[in-house]
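J.: Structure in structure tokens, see below.
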Amino acid sequence: MDRRAFLSALGTGWLVQTAGEHPPRIAGQVVGASHAAGHLLRGGAPVVSSAVVRAVVQEKADVVIVGGGVSGLSAAWRLAPAGLDVAVLELEPRPGGTSTWGEEGAVPHPWGAHYLAAPNVEARAALRLLQEMGAVTGWDAAGRPVFDPRRLCHAPQERLFYDGEWHQGLVPTDALSIAERDEMARFLDIEEALTVRRGADGRPAFQIPLDMSSRDPDLLALDRLSMEAWLDREGFRTPFLRWYVRYAMLDDFGGAPEDVSAWAGLHYFAARKLRTPELEGSHFLVWPEGNGRLVKALIERARPRIMLGSLAMAVHDLPQGGVAVDYLDVARHEVRRIEARAAVLATPAFVTRRLFPAAAPMLPVRTSSPWLVANLHVEDRFEPNLPWDSILYEAEGLGYVDAAHQLTDLAATTVPASALRAPRRQTVLTYYRAFGGADTTAARSMLLGSAWEGLADGVLRDLAPAHPHLREVLGRMDLMLWGHAMPRPRPGFLGERPFETTCALGPRIAWAHVDQPGMALFEEAQARGVRAAELLAGDMGVVLGESWL
Amino acid sequence: MSASEASVPPPNEAPEVPEAPGQDAVAGPPRRAARAALLASVFVIATSGLIYELITGTLASYVLGDSVAQFSFVIGLYLFAMGIGSYLSQYLESKLLERFVEIELGVALVGGLSAPLLFKVYTASGAFRVLLYGLVLLIGMLVGLEIPLLIRLLKFSLDLKQLVARVLTLDYIGALVASLLFPSLLLPRLGIHQTGLFFGLLNAFVALGSTFLFPITRADRFRLRALCALTVLVLGAAFAMVTQFVERAEAIYFGAPVVHSAQSPYQRMVLTQSPRTTRLFLNGNLQFSSDDEYRYHEVLVHPAVAALGRDPRRVLILGGGDGLAARELLRYPSVEQVTLVDLDAVVTDAFRTLPIATRLNQGALTDRRVTVRNEDAYKFLEGCTESFDLAIVDFPDPGNYAVGKLYTDAFYQLLRERLGVRGVVVVQATSPQYARESFWTIVTTMEAAGFMTAPLHVYVPSFGEWGFVLAGGEGLAAPGGLRIEASTLRYLDSAGLPELFRFPRDIGRVAAPINRLNDQKLVAIYTREWSVWTR
Ligand SMILES: Cc1cc2nc3c(=O)[nH]c(=O)nc-3n(C[C@H](O)[C@H](O)[C@H](O)COP(=O)(O)OP(=O)(O)OC[C@H]3O[C@@H](n4cnc5c(N)ncnc54)[C@H](O)[C@@H]3O)c2cc1C
């Protein structure tokens, strides 16, 4: 132990012990995901009448996009080369939807989506965006993308708190029993086989974009099974493997294995096809602000008129041609109307149904998982070799990611010594928890009904086995409550006609959202947005050139 | 100069007024044992007084730098404070023995705890100077009170002539003992904290002993012994804790007195000085020893300049905040501009200002051709648009992931963009002997980034066999001769140059992976290889 450690042990250790009964207070608040405003939609007429209605034509645009998430902004990005006037109505005070991010504090940090796995060659729109951003630097002889190594998740990537200590990586091989190791190996073999497997129609068994997957009935039959049932059927019994799969399902779909389709579950493990030497270490693209960086890139390139704080309330197919969208300007509490030649509804299915009831029968019914995301502003990074992702075995939540991990600038998060404090390194840790049980309504009302104190306490308690003194290094903790975070691909989510959900809701109205495929992935959101834009361009007679899909 | 000069009682020592009535009851000539004890305590007080002075002086120069000024302030203030104490002693009129014990305990506590207190304040806040000078004043005053008090206590058993002679002799001898023991035995063996606490305990025991030997009333005796016990307890506890936490680390660890230490957000920097040798440690790892650093730095710089094949003008140094590589470079008159990028201002500031550091780097960091930038090297390269003839890369070994980033293909690619087609770079690449695969991993990684390489090595006694990778564009070759007069160097000459590039079989090339940001295989390889040697 060096002198500094000694002194801080002397100082803080003593202080902390004596202050044991009065743990330091942490600042923080619940931010974002405007439930109150969102729920106005359910209220209907009374709410509208309480606002000053100015449903006279207030604004015009060529295309109006409802929803400033990845789907909506990707539509704007696709339309940009045509030079149209594109307006985006977004309810929240910040764009990005479930891929939004925060900038306050020492490092920008995610509020939702936090990584993008290296997209398959087939996810052409995603690769195009990455290339525009410089994250893809070129293509190798086999036509595979080459990534800027700075963007791939740096080592060390992940660790697991298992049996009282941290283990490098997600699988603590040395600590597992032989049976657990054998099952893990067998599972990985199946994963490998499914990754290269093709269906009877010659298509890959599992693909991203989803709709390029095989239609082979044998494979689609997996959608009738839950992931849990599949594990039982295949004889996977060891606790570690069951936990591992459960973790993956919660992490990706917000659902527990008993409530997730086996097709979706296996898709998670077997849809990533890109294998190159540079990707061996990690195939995750990571930024401090998570996929917020991708949102920023879409906005920079598309430069749409983003109207934040605008809650769309109704979409009208105008008899004289074109569309009108009535929306509530939340700040001014005033209902306005915007008219356009066409509209993209880049909103979840349940919202879209309310906005444009005529299309309701065409829309799938999705269950969305509630999530809790916490950003922990840490005043003193506790470990020098902190990996990007830290996971606690059998915890309630999914662990946390370190926003500063990907910075190549050590100085950026450093606070030099001052008259009153020793030097320190700050960071922001983003903690995730999905409520994966079948009763999402109960979980949602519990979550939205809780106060900051109780939730923040729960986060600390969940991390306590690995970080009993986390409170002492915390400056603040902000919480985001996602009532409807992402669609959960429950058994049967592929429906009667797999991969054929509608995009066109009317002559000039298109739908784009991850609720379409029923799986919340960046590539899917982006492809849906691009498809909607290309469809409407065709309707409007605007020439966009070759498809980006 | 001796601290005790001021302990001569003020010339106008108060005339022999009878002691206060309470004192009379137990006064009268102290017994022989008590007299001997009082004289012994003169010795202890003198020794410990000087020790505290040396401790505060040393701490002041550790922390504030400029040791001549700091020592001179501390000594001056201390002597002055003793004067104040001596002057004030005239106002102590009754219960002199009790007062003596109390003051002794005060010295024990304040002096004994001064070093840990100062360190605590130093790392926690800016109040260091205030506390430092405050403590010096307080200790000085307390010690200044004691000697006159002792003289007055002894005046009944000795005549003035003998008394002054004995007290002053013991006082001066104590000072000599302290000043000899402190640098030679105490500081290196016990360390600064324990030395102080040890003498604090000694003072406390003197106080305790006095309560047995002196004629003191029962009630007072009980109170004083309780106070003594409390003091011993506090100091003893601190002594035990300090041993536990600090001692192992410092003097024992570094093997020589620490002359400068500082904590930055990134690392702890320690400079040690033994009679012949200056050493720099970062986070406890030896960075150089003045005995043989010239071997390292000559081999780092001069073969690279030779391989450049032309006069170097614009040079980039990454890392190397000690300015030793810069010193070698500045020997070339053609050098117009050196940009030195080192993350840690604590290191570069020390090597710009501390005399023992600037003696070594010959003031390289204050040379007008040198620009020091305290930035992350990775960040610097990402934002840099200049190009350089030569880059010298001297980072700490890749022992953790944060430093490991600076040994990846992505980093070398950035570096290559900053060198013209004819530019040359040299990278310190750990020991090919102790960490053979690590060394060749760095070579492989630089090649994967598009460099041609010419690895080289040299024996540096402090480190063992040490390796570097010289690299450049198409056509890079190991140089045939130096571009500098060998007589200006201490180790290299042109004849010995080819030998550096020859790798004997036990350190020769092995198959090694490319070190990428997303796997950082090098960190694992390096840790594994070194753990064999450091176990
Ligand atoms: C916690 C969490 C973690 C995730 N992690 C990842 C990840 O790591 N990688 C990954 O690829 N994906 C991740 N996802 C999935 C992520 O949802 C998708 O990648 C993608 O962001 C979905 O975009 P979208 O535009 O389709 O939908 P949304 O993000 O839902 O966008 C819909 C937008 O419409 C707005 N809106 C809704 N109603 C109205 C209205 N009436 N008027 C105006 N605006 C309205 C909303 O505010 C929102 O901005 C994560 C999701 C969550 C919640």
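Chain identifiers are assigned as A, B, and so on, following the order in which chains appear in the structure tokens; residues are numbered from 1 within each chain, and ligands are numbered from 1 in order of appearance.
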Go through the chains and note each residue within 7 Å of ligand 1, using only C-alpha atoms and all ligand atoms, then give the set as a PyMOL selection string.

T.: chain A and resi 33+38+66-72+89-92+95-99+111-116+252+310-313+346-348+351+371+373+432+482+485-486+512-515+520-523+525

J.: Suppose we keep C-alpha atoms; can you now write the selection as a PDB file, in the first residue's frame?

T.:
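The resulting file, again-v9.pdb, is reproduced below:
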ATOM      1  CA  ALA A  33     -39.340   9.567 -20.820  1.00  0.00           C
ATOM      2  CA  GLY A  38     -47.287  10.662 -23.237  1.00  0.00           C
ATOM      3  CA  VAL A  66     -43.379  11.650 -35.966  1.00  0.00           C
ATOM      4  CA  GLY A  67     -40.800  10.304 -33.538  1.00  0.00           C
ATOM      5  CA  GLY A  68     -37.149  11.311 -33.331  1.00  0.00           C
ATOM      6  CA  GLY A  69     -35.722   7.891 -32.477  1.00  0.00           C
ATOM      7  CA  VAL A  70     -33.363   5.927 -34.684  1.00  0.00           C
ATOM      8  CA  SER A  71     -36.178   4.876 -37.046  1.00  0.00           C
ATOM      9  CA  GLY A  72     -37.470   8.409 -37.570  1.00  0.00           C
ATOM     10  CA  LEU A  89     -41.902  15.911 -34.141  1.00  0.00           C
ATOM     11  CA  GLU A  90     -40.379  14.511 -30.968  1.00  0.00           C
ATOM     12  CA  LEU A  91     -42.102  14.383 -27.649  1.00  0.00           C
ATOM     13  CA  GLU A  92     -38.997  14.354 -25.474  1.00  0.00           C
ATOM     14  CA  PRO A  95     -33.808  13.348 -29.699  1.00  0.00           C
ATOM     15  CA  GLY A  96     -32.786   9.692 -29.934  1.00  0.00           C
ATOM     16  CA  GLY A  97     -35.708   7.825 -28.395  1.00  0.00           C
ATOM     17  CA  THR A  98     -34.453   4.689 -26.680  1.00  0.00           C
ATOM     18  CA  SER A  99     -30.963   5.450 -28.027  1.00  0.00           C
ATOM     19  CA  TRP A 111     -29.602   6.531 -21.412  1.00  0.00           C
ATOM     20  CA  GLY A 112     -30.601   3.529 -23.480  1.00  0.00           C
ATOM     21  CA  ALA A 113     -28.843   1.653 -26.263  1.00  0.00           C
ATOM     22  CA  HIS A 114     -25.144   1.435 -25.511  1.00  0.00           C
ATOM     23  CA  TYR A 115     -23.508  -0.613 -28.241  1.00  0.00           C
ATOM     24  CA  LEU A 116     -23.793  -1.781 -31.802  1.00  0.00           C
ATOM     25  CA  ASP A 252     -31.308  -7.910 -25.427  1.00  0.00           C
ATOM     26  CA  SER A 310     -44.011  18.057 -29.598  1.00  0.00           C
ATOM     27  CA  LEU A 311     -46.524  15.335 -28.825  1.00  0.00           C
ATOM     28  CA  ALA A 312     -48.255  14.149 -31.988  1.00  0.00           C
ATOM     29  CA  MET A 313     -51.940  13.488 -31.268  1.00  0.00           C
ATOM     30  CA  ALA A 346     -41.715   6.409 -36.377  1.00  0.00           C
ATOM     31  CA  THR A 347     -43.543   5.540 -33.170  1.00  0.00           C
ATOM     32  CA  PRO A 348     -44.265   2.316 -31.280  1.00  0.00           C
ATOM     33  CA  VAL A 351     -48.850   4.978 -30.173  1.00  0.00           C
ATOM     34  CA  TRP A 371     -36.599  -0.816 -17.983  1.00  0.00           C
ATOM     35  CA  VAL A 373     -31.554   2.880 -16.380  1.00  0.00           C
ATOM     36  CA  TYR A 432     -29.411  -1.363 -16.482  1.00  0.00           C
ATOM     37  CA  TRP A 482     -38.644   3.460 -19.503  1.00  0.00           C
ATOM     38  CA  ALA A 485     -38.618   0.491 -23.544  1.00  0.00           C
ATOM     39  CA  MET A 486     -38.606  -2.120 -26.273  1.00  0.00           C
ATOM     40  CA  ALA A 512     -41.145   2.755 -39.160  1.00  0.00           C
ATOM     41  CA  HIS A 513     -40.264   1.387 -35.752  1.00  0.00           C
ATOM     42  CA  VAL A 514     -38.565  -1.594 -34.120  1.00  0.00           C
ATOM     43  CA  ASP A 515     -42.052  -2.791 -33.198  1.00  0.00           C
ATOM     44  CA  ALA A 520     -35.175  -3.796 -30.844  1.00  0.00           C
ATOM     45  CA  LEU A 521     -31.886  -3.540 -32.684  1.00  0.00           C
ATOM     46  CA  PHE A 522     -30.211  -0.505 -34.153  1.00  0.00           C
ATOM     47  CA  GLU A 523     -29.920  -2.081 -37.599  1.00  0.00           C
ATOM     48  CA  ALA A 525     -34.666   0.583 -36.590  1.00  0.00           C
TER      49      ALA A 525
END

J.: Report the closest atom pair, with its distance in Å rounded to one decimal, for each residue of segment 433-457 of chain B that has an atom no farther than 9 Å from segment 464-486 of chain B; count only C-alpha atoms, sort by chain and then rising residue number, and write it as JSON lines.

T.:
{"residue": "B:Gln433", "atom": "CA", "partner": "B:Glu465", "partner_atom": "CA", "distance": 6.0}
{"residue": "B:Tyr434", "atom": "CA", "partner": "B:Glu465", "partner_atom": "CA", "distance": 8.0}
{"residue": "B:Phe439", "atom": "CA", "partner": "B:Gly467", "partner_atom": "CA", "distance": 7.1}
{"residue": "B:Ile442", "atom": "CA", "partner": "B:Val469", "partner_atom": "CA", "distance": 7.9}
{"residue": "B:Val443", "atom": "CA", "partner": "B:Val469", "partner_atom": "CA", "distance": 6.5}
{"residue": "B:Met446", "atom": "CA", "partner": "B:Ala471", "partner_atom": "CA", "distance": 7.8}
{"residue": "B:Glu447", "atom": "CA", "partner": "B:Ala471", "partner_atom": "CA", "distance": 8.5}
{"residue": "B:Gly450", "atom": "CA", "partner": "B:Gly473", "partner_atom": "CA", "distance": 7.8}
{"residue": "B:Phe451", "atom": "CA", "partner": "B:Gly472", "partner_atom": "CA", "distance": 5.4}
{"residue": "B:Met452", "atom": "CA", "partner": "B:Gly472", "partner_atom": "CA", "distance": 5.4}
{"residue": "B:Thr453", "atom": "CA", "partner": "B:Ala471", "partner_atom": "CA", "distance": 4.2}
{"residue": "B:Ala454", "atom": "CA", "partner": "B:Leu470", "partner_atom": "CA", "distance": 5.0}
{"residue": "B:Pro455", "atom": "CA", "partner": "B:Val469", "partner_atom": "CA", "distance": 4.3}
{"residue": "B:Leu456", "atom": "CA", "partner": "B:Phe468", "partner_atom": "CA", "distance": 5.4}
{"residue": "B:His457", "atom": "CA", "partner": "B:Gly467", "partner_atom": "CA", "distance": 4.2}

J.: Smallest atom-to-atom distance to chain A: which of B:Ala448, B:Leu154, B:Leu97, B:Val532, using only C-alpha atoms?

T.: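 Of all the options, B:Ala448 lies closest to chain A.
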
J.: In terms of the shortest atom-to-atom distance over only C-alpha atoms, which of A:Arg94, A:Arg25, A:Arg197, A:His484 is closest to Ile299 of chain A?

T.: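 Smallest separation from Ile299 of chain A among the options: A:Arg94.
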
J.: Counting only C-alpha atoms, which of B:Ile525, B:Leu230, B:Leu308, B:Leu517 gets nearest to chain A?

T.: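 Smallest distance to chain A is found for B:Leu517.
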
J.: Please, which residues of segment 97-180 of chain A, numbered as in this document, come out strand (DSSP E) from DSSP, as a list in words?

T.: Trp101, Gly102, His109, Pro110, Leu116, Ala117, Val136, Thr137, Gly138, Trp139, Pro145, Val146, Phe147, Glu158, Arg159, Leu160, Phe161, Tyr162, Glu165, Trp166, His167 and Gln168 of chain A

J.: Would you save the residues from that selection as a PDB file, in the first residue's frame, using C-alpha atoms?

T.:
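And here's result_17.pdb as it stands now:
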ATOM      1  CA  TRP A 101     -27.883   9.987 -24.179  1.00  0.00           C
ATOM      2  CA  GLY A 102     -26.822  12.523 -21.540  1.00  0.00           C
ATOM      3  CA  HIS A 109     -23.213   8.578 -21.221  1.00  0.00           C
ATOM      4  CA  PRO A 110     -26.027   6.469 -22.648  1.00  0.00           C
ATOM      5  CA  LEU A 116     -23.793  -1.781 -31.802  1.00  0.00           C
ATOM      6  CA  ALA A 117     -22.440  -5.186 -32.687  1.00  0.00           C
ATOM      7  CA  VAL A 136     -15.781   1.825 -41.110  1.00  0.00           C
ATOM      8  CA  THR A 137     -12.569   2.737 -42.887  1.00  0.00           C
ATOM      9  CA  GLY A 138     -12.826   0.472 -45.926  1.00  0.00           C
ATOM     10  CA  TRP A 139     -13.514  -3.000 -47.192  1.00  0.00           C
ATOM     11  CA  PRO A 145     -16.020  -3.970 -43.633  1.00  0.00           C
ATOM     12  CA  VAL A 146     -12.810  -2.853 -41.933  1.00  0.00           C
ATOM     13  CA  PHE A 147     -13.415  -0.966 -38.692  1.00  0.00           C
ATOM     14  CA  GLU A 158     -16.226  -7.520 -19.504  1.00  0.00           C
ATOM     15  CA  ARG A 159     -16.062  -9.201 -16.162  1.00  0.00           C
ATOM     16  CA  LEU A 160     -18.417 -11.192 -13.993  1.00  0.00           C
ATOM     17  CA  PHE A 161     -18.805 -11.009 -10.231  1.00  0.00           C
ATOM     18  CA  TYR A 162     -19.242 -14.650  -9.400  1.00  0.00           C
ATOM     19  CA  GLU A 165     -14.960 -12.216  -6.809  1.00  0.00           C
ATOM     20  CA  TRP A 166     -14.494 -10.696 -10.231  1.00  0.00           C
ATOM     21  CA  HIS A 167     -13.629 -12.921 -13.151  1.00  0.00           C
ATOM     22  CA  GLN A 168     -12.432 -11.650 -16.516  1.00  0.00           C
TER      23      GLN A 168
END

J.: Excluding segment 331-348 of chain B and any residue of its chain fewer than 5 positions from it, enumerate the residues within 9 Å of it, using only C-alpha atoms, and give them as a ChimeraX atom specification.

T.: /A:410-411 /B:262-267,269,311-323,326,353,365,368-377,380,395,483-484,488

J.: Deliver the residues from the most recent selection as a file, using C-alpha atoms, as an mmCIF file, in the first residue's frame.

T.:
data_model
loop_
_atom_site.group_PDB
_atom_site.id
_atom_site.type_symbol
_atom_site.label_atom_id
_atom_site.label_comp_id
_atom_site.auth_asym_id
_atom_site.auth_seq_id
_atom_site.Cartn_x
_atom_site.Cartn_y
_atom_site.Cartn_z
ATOM 1 C CA LEU A 410 -6.629 9.700 -19.999
ATOM 2 C CA ALA A 411 -6.616 13.356 -19.079
ATOM 3 C CA ALA B 262 4.439 13.744 -5.348
ATOM 4 C CA GLN B 263 1.118 12.256 -6.222
ATOM 5 C CA SER B 264 -0.530 13.051 -9.526
ATOM 6 C CA PRO B 265 -3.879 11.807 -10.782
ATOM 7 C CA TYR B 266 -2.028 9.091 -12.656
ATOM 8 C CA GLN B 267 0.840 7.988 -10.523
ATOM 9 C CA MET B 269 6.393 9.935 -8.320
ATOM 10 C CA ASP B 311 19.890 16.144 -39.864
ATOM 11 C CA PRO B 312 16.904 15.953 -37.520
ATOM 12 C CA ARG B 313 14.990 19.224 -37.275
ATOM 13 C CA ARG B 314 11.543 18.588 -35.903
ATOM 14 C CA VAL B 315 11.331 15.926 -33.250
ATOM 15 C CA LEU B 316 8.450 14.491 -31.253
ATOM 16 C CA ILE B 317 9.014 12.876 -27.875
ATOM 17 C CA LEU B 318 6.110 10.942 -26.411
ATOM 18 C CA GLY B 319 6.507 10.173 -22.727
ATOM 19 C CA GLY B 320 10.003 10.908 -21.512
ATOM 20 C CA GLY B 321 8.893 13.597 -19.062
ATOM 21 C CA ASP B 322 12.244 13.278 -17.278
ATOM 22 C CA GLY B 323 13.852 15.155 -20.151
ATOM 23 C CA ALA B 326 15.510 15.415 -24.827
ATOM 24 C CA THR B 353 12.612 22.809 -11.506
ATOM 25 C CA LEU B 365 13.025 20.991 -20.354
ATOM 26 C CA ARG B 368 13.893 27.238 -25.729
ATOM 27 C CA ARG B 369 13.722 24.601 -28.487
ATOM 28 C CA VAL B 370 11.646 22.330 -26.292
ATOM 29 C CA THR B 371 7.865 22.663 -25.906
ATOM 30 C CA VAL B 372 6.338 20.566 -23.150
ATOM 31 C CA ARG B 373 2.705 19.555 -23.544
ATOM 32 C CA ASN B 374 0.926 17.798 -20.696
ATOM 33 C CA GLU B 375 -1.577 15.785 -22.667
ATOM 34 C CA ASP B 376 -2.496 12.225 -23.305
ATOM 35 C CA ALA B 377 -0.254 11.058 -26.159
ATOM 36 C CA PHE B 380 -2.365 14.476 -28.942
ATOM 37 C CA PHE B 395 6.256 5.191 -22.308
ATOM 38 C CA ARG B 483 25.820 11.153 -36.726
ATOM 39 C CA ILE B 484 27.467 12.494 -33.603
ATOM 40 C CA THR B 488 30.582 13.522 -26.629
#

J.: Using only C-alpha atoms, determine which residues lie at most 8 Å from His193 of chain B, disregarding the query and same-chain residues fewer than 2 positions distant; provide the list as a ChimeraX atom specification.

T.: /B:113,115-116,190-191,195-197,239,242

J.: Give me a file of those residues, with N, CA, C and O atoms, as a PDB file, in the first residue's frame.

T.:
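For reference, out_15.pdb as written:
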ATOM      1  N   LEU B 113       3.397  13.616  16.414  1.00  0.00           N
ATOM      2  CA  LEU B 113       2.372  13.497  15.383  1.00  0.00           C
ATOM      3  C   LEU B 113       2.601  14.448  14.210  1.00  0.00           C
ATOM      4  O   LEU B 113       1.822  14.444  13.256  1.00  0.00           O
ATOM      5  N   ALA B 115       4.696  14.654  11.673  1.00  0.00           N
ATOM      6  CA  ALA B 115       4.869  14.148  10.310  1.00  0.00           C
ATOM      7  C   ALA B 115       3.568  13.571   9.739  1.00  0.00           C
ATOM      8  O   ALA B 115       3.147  13.973   8.657  1.00  0.00           O
ATOM      9  N   PRO B 116       2.900  12.655  10.451  1.00  0.00           N
ATOM     10  CA  PRO B 116       1.629  12.165   9.898  1.00  0.00           C
ATOM     11  C   PRO B 116       0.619  13.278   9.654  1.00  0.00           C
ATOM     12  O   PRO B 116      -0.073  13.268   8.640  1.00  0.00           O
ATOM     13  N   LEU B 190      13.769   3.898   9.900  1.00  0.00           N
ATOM     14  CA  LEU B 190      12.452   4.045  10.510  1.00  0.00           C
ATOM     15  C   LEU B 190      11.478   4.805   9.626  1.00  0.00           C
ATOM     16  O   LEU B 190      10.272   4.636   9.719  1.00  0.00           O
ATOM     17  N   GLY B 191      12.022   5.658   8.764  1.00  0.00           N
ATOM     18  CA  GLY B 191      11.137   6.491   7.964  1.00  0.00           C
ATOM     19  C   GLY B 191      10.716   7.702   8.764  1.00  0.00           C
ATOM     20  O   GLY B 191      10.856   7.748   9.989  1.00  0.00           O
ATOM     21  N   THR B 195      10.054   7.816  12.916  1.00  0.00           N
ATOM     22  CA  THR B 195      11.086   8.528  13.658  1.00  0.00           C
ATOM     23  C   THR B 195      10.424   9.526  14.599  1.00  0.00           C
ATOM     24  O   THR B 195      10.718   9.574  15.800  1.00  0.00           O
ATOM     25  N   GLY B 196       9.521  10.314  14.053  1.00  0.00           N
ATOM     26  CA  GLY B 196       8.833  11.309  14.866  1.00  0.00           C
ATOM     27  C   GLY B 196       8.078  10.664  16.008  1.00  0.00           C
ATOM     28  O   GLY B 196       8.188  11.080  17.166  1.00  0.00           O
ATOM     29  N   LEU B 197       7.332   9.620  15.695  1.00  0.00           N
ATOM     30  CA  LEU B 197       6.519   8.973  16.722  1.00  0.00           C
ATOM     31  C   LEU B 197       7.388   8.315  17.784  1.00  0.00           C
ATOM     32  O   LEU B 197       7.063   8.317  18.974  1.00  0.00           O
ATOM     33  N   PHE B 239       1.929   4.800  15.988  1.00  0.00           N
ATOM     34  CA  PHE B 239       3.162   4.128  15.589  1.00  0.00           C
ATOM     35  C   PHE B 239       2.833   2.786  14.924  1.00  0.00           C
ATOM     36  O   PHE B 239       3.346   2.452  13.861  1.00  0.00           O
ATOM     37  N   VAL B 242       1.143   3.348  11.482  1.00  0.00           N
ATOM     38  CA  VAL B 242       2.057   3.841  10.466  1.00  0.00           C
ATOM     39  C   VAL B 242       2.948   2.714   9.974  1.00  0.00           C
ATOM     40  O   VAL B 242       3.194   2.568   8.788  1.00  0.00           O
TER      41      VAL B 242
END

J.: For Gly83 of chain B, which residue out of B:Leu227, B:Ala178, B:Leu145, B:Ala306 is the nearest one, using only C-alpha atoms?

T.: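 With only C-alpha atoms as the atom set, the closest residue is B:Leu145.
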
J.: Compile the contact shell of segment 384-388 of chain A as a count of residues only: residues with an atom at most 9 Å away, counting only C-alpha atoms, same-chain residues fewer than 2 positions apart removed.

T.: 21

J.: At a cut-off of 9 Å, using only C-alpha atoms, what residues contact Ala350 of chain B? Leave out same-chain residues fewer than 6 positions from it and give the result as a VMD selection string.

T.: chain B and resid 65 260 322 357 to 358

J.: From the options A:Arg224, A:Arg305, A:His267, A:Arg233, which residue's atoms come nearest to Asp211 of chain A, counting only C-alpha atoms?

T.: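 Nearest candidate to Asp211 of chain A out of A:Arg224, A:Arg305, A:His267, A:Arg233: A:His267.
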
J.: Nearest to Ala314 of chain A: which of A:Ala179, A:Ala358, A:Leu407, A:Ala349 is it, counting only C-alpha atoms?

T.: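 Smallest distance to Ala314 of chain A is found for A:Ala358.
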
J.: Among segment 19-263 of chain A, which ones does DSSP assign to alpha helix (DSSP H) (computed from the backbone)? Answer as a PyMOL selection string.

T.: chain A and resi 35-43+45-50+70-79+124-133+178-196+217-220+227-233+239-253+262-263

J.: Quick one: residues within 12 Å of Pro507 of chain A, only C-alpha atoms, excluding same-chain residues fewer than 4 positions away - as a PyMOL selection string?

T.: chain A and resi 316-319+321-323+341-344+359+503+511+532+535-540

J.: Go ahead and save the picked residues with C-alpha atoms, as a PDB file, in the first residue's frame.

T.:
ATOM      1  CA  HIS A 316     -55.043  12.928 -40.954  1.00  0.00           C
ATOM      2  CA  ASP A 317     -55.042  11.678 -44.476  1.00  0.00           C
ATOM      3  CA  LEU A 318     -56.206  14.870 -46.237  1.00  0.00           C
ATOM      4  CA  PRO A 319     -58.845  14.480 -48.947  1.00  0.00           C
ATOM      5  CA  GLY A 321     -53.892  14.965 -50.915  1.00  0.00           C
ATOM      6  CA  GLY A 322     -51.120  15.136 -48.382  1.00  0.00           C
ATOM      7  CA  VAL A 323     -51.277  14.647 -44.642  1.00  0.00           C
ATOM      8  CA  ARG A 341     -46.894  15.921 -48.578  1.00  0.00           C
ATOM      9  CA  ALA A 342     -46.195  12.702 -46.631  1.00  0.00           C
ATOM     10  CA  ALA A 343     -45.652  11.438 -43.107  1.00  0.00           C
ATOM     11  CA  VAL A 344     -43.533   8.790 -41.437  1.00  0.00           C
ATOM     12  CA  ALA A 359     -54.385   1.605 -39.663  1.00  0.00           C
ATOM     13  CA  CYS A 503     -44.782  -0.413 -43.747  1.00  0.00           C
ATOM     14  CA  TRP A 511     -44.689   3.299 -40.386  1.00  0.00           C
ATOM     15  CA  ALA A 532     -40.272   4.107 -45.077  1.00  0.00           C
ATOM     16  CA  LEU A 535     -41.470   4.076 -50.037  1.00  0.00           C
ATOM     17  CA  LEU A 536     -42.763   7.615 -49.550  1.00  0.00           C
ATOM     18  CA  ALA A 537     -40.274   9.046 -52.029  1.00  0.00           C
ATOM     19  CA  GLY A 538     -41.759   6.682 -54.597  1.00  0.00           C
ATOM     20  CA  ASP A 539     -45.265   7.895 -53.686  1.00  0.00           C
ATOM     21  CA  MET A 540     -44.242  11.524 -53.956  1.00  0.00           C
TER      22      MET A 540
END
